[in-house]
file my_file05.cif (mmCIF, C-alpha atoms)
data_coords
#
loop_
_atom_site.label_atom_id
_atom_site.label_comp_id
_atom_site.auth_asym_id
_atom_site.auth_seq_id
_atom_site.Cartn_x
_atom_site.Cartn_y
_atom_site.Cartn_z
CA MET H 20 0.00 0.00 0.00
CA VAL H 21 1.37 3.39 -1.04
CA LEU H 22 1.08 6.01 1.69
CA PRO H 23 -0.11 9.53 0.81
CA SER H 24 2.69 11.91 -0.03
CA LYS H 25 3.68 14.92 2.07
CA SER H 26 1.94 17.15 -0.46
CA VAL H 27 -1.33 15.23 -0.01
CA TRP H 28 -1.13 15.46 3.79
CA LYS H 29 -0.36 19.17 3.62
CA ARG H 30 -3.28 19.94 1.32
CA THR H 31 -5.62 17.77 3.40
CA ALA H 32 -4.55 19.51 6.62
CA ILE H 33 -5.13 22.96 5.14
CA VAL H 34 -8.58 22.07 3.80
CA THR H 35 -9.54 20.35 7.07
CA LEU H 36 -8.54 23.34 9.18
CA VAL H 37 -10.39 25.72 6.87
CA ALA H 38 -13.51 23.48 6.97
CA ALA H 39 -13.30 23.23 10.78
CA ALA H 40 -12.94 27.00 11.14
CA ILE H 41 -15.93 27.65 8.85
CA SER H 42 -18.06 25.02 10.61
CA ILE H 43 -17.26 26.29 14.11
CA SER H 44 -17.73 29.94 13.12
CA PHE H 45 -21.05 29.20 11.41
CA SER H 46 -22.51 27.11 14.25
CA THR H 47 -21.27 29.58 16.88
CA GLY H 48 -22.85 32.46 14.96
CA ILE H 49 -26.21 30.69 14.76
CA ARG H 50 -26.06 29.84 18.46
CA LEU H 51 -25.33 33.45 19.37
CA MET H 52 -28.14 34.74 17.16
CA MET H 53 -30.59 32.32 18.72
CA GLY H 54 -29.27 32.95 22.24
CA THR H 55 -28.89 29.26 23.03
CA GLN H 56 -26.20 27.58 25.07
CA ALA H 57 -24.21 24.63 23.74
CA ASP H 58 -23.65 21.61 25.92
CA ALA H 59 -20.42 19.61 26.02
CA VAL H 60 -21.64 17.05 23.48
CA THR H 61 -22.61 19.72 20.99
CA ILE H 62 -19.23 21.43 21.35
CA ALA H 63 -17.38 18.13 20.94
CA VAL H 64 -19.37 17.23 17.82
CA ARG H 65 -18.83 20.71 16.38
CA LEU H 66 -15.05 20.39 16.88
CA ILE H 67 -14.59 16.76 15.87
CA LEU H 68 -17.07 16.33 12.98
CA PRO H 69 -15.22 18.52 10.41
CA PHE H 70 -12.05 16.50 11.00
CA VAL H 71 -13.86 13.17 10.76
CA ILE H 72 -15.42 14.16 7.43
CA ALA H 73 -12.73 16.33 5.84
CA ILE H 74 -9.63 14.21 6.50
CA PRO H 75 -10.78 11.00 4.70
CA LEU H 76 -12.33 12.96 1.83
CA GLY H 77 -9.24 15.17 1.54
CA LEU H 78 -6.87 12.22 1.49
CA VAL H 79 -8.87 10.44 -1.24
CA TRP H 80 -9.34 13.56 -3.37
CA PHE H 81 -5.81 14.94 -3.09
CA THR H 82 -4.25 11.48 -3.61
CA LYS H 83 -6.08 11.26 -6.92
CA LEU H 84 -5.10 14.84 -7.78
CA ASP H 85 -1.47 14.14 -6.85
CA ALA H 86 -1.45 11.06 -9.10
CA LEU H 87 -2.93 13.11 -11.95
CA GLU H 88 -0.31 15.85 -11.52
CA SER H 89 2.46 13.23 -11.36
CA SER H 90 1.19 11.64 -14.58
CA TYR H 91 1.13 15.07 -16.23
CA ARG H 92 4.71 15.79 -15.15
CA ASP H 93 5.84 12.41 -16.51
CA LEU H 94 4.03 13.10 -19.79
CA LEU H 95 5.64 16.54 -20.04
CA LYS H 96 9.08 15.05 -19.37
CA LYS H 97 8.58 12.38 -22.03
CA THR H 98 7.30 15.01 -24.48
CA ASN H 99 10.43 17.11 -23.92
CA GLN H 100 12.62 14.04 -24.35
CA LEU H 101 10.86 13.17 -27.61
CA ALA H 102 11.25 16.76 -28.81
CA LYS H 103 14.97 16.63 -28.06
CA THR H 104 15.27 13.25 -29.77
CA ALA H 105 13.42 14.52 -32.83
CA SER H 106 15.73 17.54 -33.11
CA ALA H 107 19.02 15.71 -32.46
CA ASP H 108 21.34 13.55 -34.50
CA PRO H 109 21.13 10.10 -32.85
CA LEU H 110 24.88 9.38 -32.95
CA THR H 111 26.41 12.68 -31.86
CA GLY H 112 23.57 14.39 -29.99
CA LEU H 113 24.13 17.51 -32.11
CA LEU H 114 21.24 19.18 -33.92
CA ASN H 115 19.99 17.49 -37.07
CA ARG H 116 19.74 19.43 -40.33
CA ARG H 117 16.06 20.38 -40.01
CA SER H 118 16.39 21.68 -36.46
CA PHE H 119 19.56 23.58 -37.31
CA VAL H 120 17.89 25.33 -40.25
CA GLU H 121 14.86 26.25 -38.10
CA GLN H 122 16.98 27.73 -35.30
CA PHE H 123 19.34 29.41 -37.74
CA GLU H 124 16.45 31.12 -39.54
CA VAL H 125 15.05 32.34 -36.21
CA ALA H 126 18.45 33.87 -35.40
CA ARG H 127 18.59 35.54 -38.81
CA VAL H 128 15.05 36.94 -38.48
CA HIS H 129 16.13 38.55 -35.21
CA GLY H 130 19.12 40.12 -36.91
CA VAL H 131 21.81 37.98 -35.27
CA GLY H 132 24.98 38.14 -37.32
CA GLY H 133 28.05 35.96 -37.19
CA SER H 134 29.85 33.25 -39.09
CA PHE H 135 28.63 30.19 -40.95
CA CYS H 136 30.94 27.17 -40.99
CA ILE H 137 30.93 23.71 -42.48
CA ALA H 138 33.34 20.88 -41.77
CA ASP H 139 33.77 17.36 -43.00
CA ILE H 140 35.96 14.43 -42.10
CA ASP H 141 38.79 13.63 -44.48
CA TYR H 142 38.69 10.07 -45.85
CA LEU H 143 35.89 8.75 -43.63
CA LYS H 144 35.17 5.98 -46.15
CA ALA H 145 38.82 4.91 -45.98
CA ILE H 146 38.58 4.76 -42.18
CA ASN H 147 35.46 2.59 -42.44
CA ASP H 148 37.07 0.33 -45.03
CA SER H 149 40.39 -0.04 -43.23
CA TYR H 150 39.39 -0.08 -39.56
CA GLY H 151 35.66 -0.80 -39.53
CA HIS H 152 32.52 1.27 -39.08
CA LEU H 153 32.97 1.54 -35.33
CA ALA H 154 36.19 3.44 -36.00
CA GLY H 155 34.21 5.57 -38.44
CA ASP H 156 31.71 6.32 -35.68
CA ASP H 157 34.63 7.25 -33.42
CA ALA H 158 35.80 9.71 -36.07
CA ILE H 159 32.33 11.29 -36.31
CA LEU H 160 32.06 11.56 -32.52
CA ALA H 161 35.57 13.01 -32.30
CA VAL H 162 34.74 15.79 -34.77
CA ALA H 163 31.43 16.51 -33.00
CA GLU H 164 33.35 16.85 -29.73
CA ALA H 165 35.96 19.09 -31.35
CA LEU H 166 33.38 21.43 -32.88
CA SER H 167 31.45 21.69 -29.59
CA SER H 168 34.62 22.30 -27.60
CA VAL H 169 36.21 24.86 -29.92
CA LEU H 170 33.14 26.77 -31.15
CA GLY H 171 31.52 27.01 -27.72
CA GLU H 172 28.08 26.50 -26.22
CA GLU H 173 26.60 29.64 -27.77
CA SER H 174 27.06 28.23 -31.30
CA LEU H 175 24.49 26.18 -33.22
CA ILE H 176 26.18 22.97 -34.37
CA ALA H 177 24.62 20.20 -36.48
CA ARG H 178 25.54 17.00 -38.22
CA ILE H 179 23.93 17.35 -41.63
CA GLY H 180 25.33 14.29 -43.39
CA GLY H 181 27.41 11.19 -42.89
CA ASP H 182 30.70 13.04 -42.56
CA GLU H 183 29.51 16.64 -42.82
CA PHE H 184 28.78 19.20 -40.09
CA CYS H 185 27.73 22.82 -40.11
CA ALA H 186 27.72 25.53 -37.45
CA PHE H 187 26.50 29.05 -36.86
CA VAL H 188 28.82 31.06 -34.63
CA PRO H 189 27.03 34.23 -33.45
CA HIS H 190 30.09 36.44 -33.71
CA PRO H 191 32.84 37.08 -36.27
CA ILE H 192 35.71 34.58 -36.45
CA GLY H 193 39.03 36.40 -36.33
CA ASP H 194 41.54 33.84 -37.57
CA VAL H 195 39.83 31.08 -39.55
CA ALA H 196 43.08 29.18 -40.12
CA GLU H 197 43.83 29.10 -36.40
CA LEU H 198 40.27 27.97 -35.63
CA SER H 199 40.53 25.18 -38.19
CA GLN H 200 43.85 24.08 -36.72
CA ARG H 201 42.40 23.92 -33.21
CA ILE H 202 39.44 21.85 -34.44
CA ASN H 203 41.84 19.46 -36.18
CA GLU H 204 44.02 19.12 -33.09
CA VAL H 205 41.10 18.39 -30.76
CA ALA H 206 39.49 16.00 -33.26
CA ALA H 207 42.73 14.06 -33.82
CA ARG H 208 43.38 13.76 -30.09
CA GLU H 209 39.79 12.70 -29.37
CA PHE H 210 39.86 10.13 -32.19
CA ARG H 211 43.06 8.53 -30.90
CA LYS H 212 41.54 8.32 -27.42
CA ARG H 213 38.28 6.80 -28.65
CA SER H 214 39.60 4.41 -31.30
CA GLY H 215 42.99 3.43 -29.90
CA LEU H 216 44.52 4.12 -33.36
CA LEU H 217 47.45 6.08 -31.98
CA ASP H 218 49.25 6.47 -35.32
CA TYR H 219 46.26 7.75 -37.31
CA GLN H 220 46.05 11.52 -37.80
CA LEU H 221 42.39 12.34 -38.29
CA GLY H 222 41.84 15.35 -40.55
CA VAL H 223 38.95 17.80 -40.78
CA SER H 224 38.42 20.16 -43.71
CA PHE H 225 36.83 23.48 -42.80
CA GLY H 226 34.89 26.10 -44.74
CA HIS H 227 33.71 29.50 -43.52
CA GLN H 228 31.62 32.44 -44.66
CA VAL H 229 30.44 35.64 -43.00
CA CYS H 230 26.64 35.78 -42.55
CA LYS H 231 25.91 38.90 -44.57
CA ALA H 232 22.41 40.36 -44.78
CA GLY H 233 20.16 38.68 -47.34
CA LEU H 234 22.11 35.42 -47.53
CA THR H 235 19.96 32.33 -46.97
CA PHE H 236 21.01 28.98 -45.49
CA ARG H 237 21.36 27.65 -49.03
CA ASP H 238 23.54 30.61 -50.07
CA LEU H 239 25.80 30.20 -47.05
CA MET H 240 26.09 26.45 -47.56
CA ALA H 241 27.14 26.97 -51.17
CA GLY H 242 29.74 29.62 -50.32
CA SER H 243 31.15 27.70 -47.37
CA ASP H 244 31.21 24.52 -49.44
CA THR H 245 33.41 26.22 -52.01
CA ASN H 246 35.83 27.34 -49.29
CA LEU H 247 35.79 23.87 -47.73
CA TYR H 248 36.79 22.10 -50.94
CA ARG H 249 39.47 24.70 -51.55
CA SER H 250 40.78 23.86 -48.07
CA LYS H 251 40.49 20.13 -48.76
CA ARG H 252 42.49 20.41 -52.01
CA HIS H 253 45.15 22.43 -50.18
CA ARG H 254 45.40 19.85 -47.39
CA THR H 255 45.59 16.99 -49.90
CA ARG H 256 48.40 18.74 -51.79
CA ILE H 257 50.38 19.23 -48.55
CA VAL H 258 49.99 15.55 -47.64
CA GLN H 259 51.07 14.44 -51.11
CA GLU H 260 54.11 16.70 -51.02
CA ALA H 261 55.04 15.36 -47.59
CA GLU H 262 54.82 11.76 -48.82
CA SER H 263 56.84 12.34 -51.99
#
call {"tool": "encode", "arguments": {"input": "my_file05.cif", "output": "C-alpha cells"}}
result
Amino acid sequence: MVLPSKSVWKRTAIVTLVAAAISISFSTGIRLMMGTQADAVTIAVRLILPFVIAIPLGLVWFTKLDALESSYRDLLKKTNQLAKTASADPLTGLLNRRSFVEQFEVARVHGVGGSFCIADIDYLKAINDSYGHLAGDDAILAVAEALSSVLGEESLIARIGGDEFCAFVPHPIGDVAELSQRINEVAAREFRKRSGLLDYQLGVSFGHQVCKAGLTFRDLMAGSDTNLYRSKRHRTRIVQEAES
C-alpha cells in the first residue's frame, strides 16, 4: 500500500482546518443569534465532525489529484525528451539538419549576425574500409566533440550528413586558419583516445563564410562549401608533397 505523499497530507490539513474554522464559526454564529447555550456534546461534535469528514475525503481527493499531476509531469518530461530526440542527430547528440535550419532562420530573423561554418571528415570511407565502421563512428564523434569544444556553447552545431557538419557562430571569427587548426588538433586527439589508433592523424576540412544580410542557409552552404573544398584540395596537396 502506497502512503499519501507529504503534499497530499499538507493539502488535506489545510482544507480540514479551513472546513473546521468555517463550521465552528457558522454554528457559533447561529447559536449566538438564537441565544442558546451549547452543551459539552454539541461542542465536541462541532469540533470533531469537520475532521472526521474532511480528512478522509481530503486524502482520497488529493491522492487522486497528486497522481494526476504526477502523470502530467511524466508526460511533459517524455514530451520534452521526444522533442529533443526529434531535433538531435542520434549518434552525436548535435542538432539534425532540419532543427539547425529552423533555429538558424530564427536567429537571422532577429538580426543575429556571425559566421557560418561547415566541416567534413577527411577520408571517412577509408577509415570505415580499413578499420571498420565503429572506428568511423569514433571519427564522427571526435569531430562533434571538437566542434562543440572549440566553437563554444553559444554556437548552433549540427551534423547534416554522414561526414559533414555545419555551425553558426554568433560572432565574427578572427583567424579562420587558427580555428581550423584547433578543431583538427582536438578532433585528432579525441579520435586517438576513442579508437585506440594512436598512429592515425584524423583530418577535418573546414569552410567558412560571413553571414551577410540577405544570404539564406542555401547561399551560405554553397559559399562555405566552395571554401571547404578549396581547403580540402590544399590539405591533400600538402599531404602528397610530404609523402613524396
call {"tool": "atom_distance", "arguments": {"input": "my_file05.cif", "atom1": "CA of Asp93 (chain H)", "atom2": "CA of Ser26 (chain H)"}}
result
17.2 Å
call {"tool": "resolve_selection", "arguments": {"input": "my_file05.cif", "expression": "the PyMOL selection byres ((chain H and resi 170) around 10)", "output": "list in words"}}
result
Ala165, Leu166, Ser167, Ser168, Val169, Gly171, Glu172, Glu173, Ser174, Leu175, Ile176, Ala186, Phe187, Val188, Pro189, Ile192, Leu198, Arg201 and Ile202 of chain H
call {"tool": "residues_around", "arguments": {"input": "my_file05.cif", "residues": "region 225-228 of chain H", "least_positions_apart": "3", "cutoff": "8 Å", "atoms": "all atoms listed in the file", "output": "PyMOL selection string"}}
result
chain H and resi 134-139+195+199+239+242-248+250-251
call {"tool": "resolve_selection", "arguments": {"input": "my_file05.cif", "expression": "the PyMOL selection byres ((chain H and resi 108) around 12)", "output": "ChimeraX atom specification"}}
result
/H:103-107,109-119,159-160,163,176-181,184
call {"tool": "atom_distance", "arguments": {"input": "my_file05.cif", "atom1": "CA of Ala40 (chain H)", "atom2": "CA of Phe70 (chain H)"}}
result
10.5 Å
call {"tool": "closest_residue", "arguments": {"input": "my_file05.cif", "among": "H:Leu36, H:Ile140, H:Val27, H:Ile41", "to": "Gly77 (chain H)", "atoms": "all atoms listed in the file"}}
result
H:Val27
call {"tool": "residues_around", "arguments": {"input": "my_file05.cif", "residues": "Val79 (chain H)", "least_positions_apart": "3", "cutoff": "12 Å", "atoms": "all atoms listed in the file", "output": "list in words"}}
result
Leu22, Pro23, Ser24, Val27, Trp28, Arg30, Thr31, Ile72, Ala73, Ile74, Pro75, Leu76, Thr82, Lys83, Leu84, Asp85 and Ala86 of chain H
call {"tool": "write_last_selection", "arguments": {"input": "my_file05.cif", "atoms": "C-alpha atoms", "output": "PDB file, in the coordinates of the input"}}
result
ATOM      1  CA  LEU H  22       1.080   6.010   1.690  1.00  0.00           C
ATOM      2  CA  PRO H  23      -0.110   9.530   0.810  1.00  0.00           C
ATOM      3  CA  SER H  24       2.690  11.910  -0.030  1.00  0.00           C
ATOM      4  CA  VAL H  27      -1.330  15.230  -0.010  1.00  0.00           C
ATOM      5  CA  TRP H  28      -1.130  15.460   3.790  1.00  0.00           C
ATOM      6  CA  ARG H  30      -3.280  19.940   1.320  1.00  0.00           C
ATOM      7  CA  THR H  31      -5.620  17.770   3.400  1.00  0.00           C
ATOM      8  CA  ILE H  72     -15.420  14.160   7.430  1.00  0.00           C
ATOM      9  CA  ALA H  73     -12.730  16.330   5.840  1.00  0.00           C
ATOM     10  CA  ILE H  74      -9.630  14.210   6.500  1.00  0.00           C
ATOM     11  CA  PRO H  75     -10.780  11.000   4.700  1.00  0.00           C
ATOM     12  CA  LEU H  76     -12.330  12.960   1.830  1.00  0.00           C
ATOM     13  CA  THR H  82      -4.250  11.480  -3.610  1.00  0.00           C
ATOM     14  CA  LYS H  83      -6.080  11.260  -6.920  1.00  0.00           C
ATOM     15  CA  LEU H  84      -5.100  14.840  -7.780  1.00  0.00           C
ATOM     16  CA  ASP H  85      -1.470  14.140  -6.850  1.00  0.00           C
ATOM     17  CA  ALA H  86      -1.450  11.060  -9.100  1.00  0.00           C
TER      18      ALA H  86
END
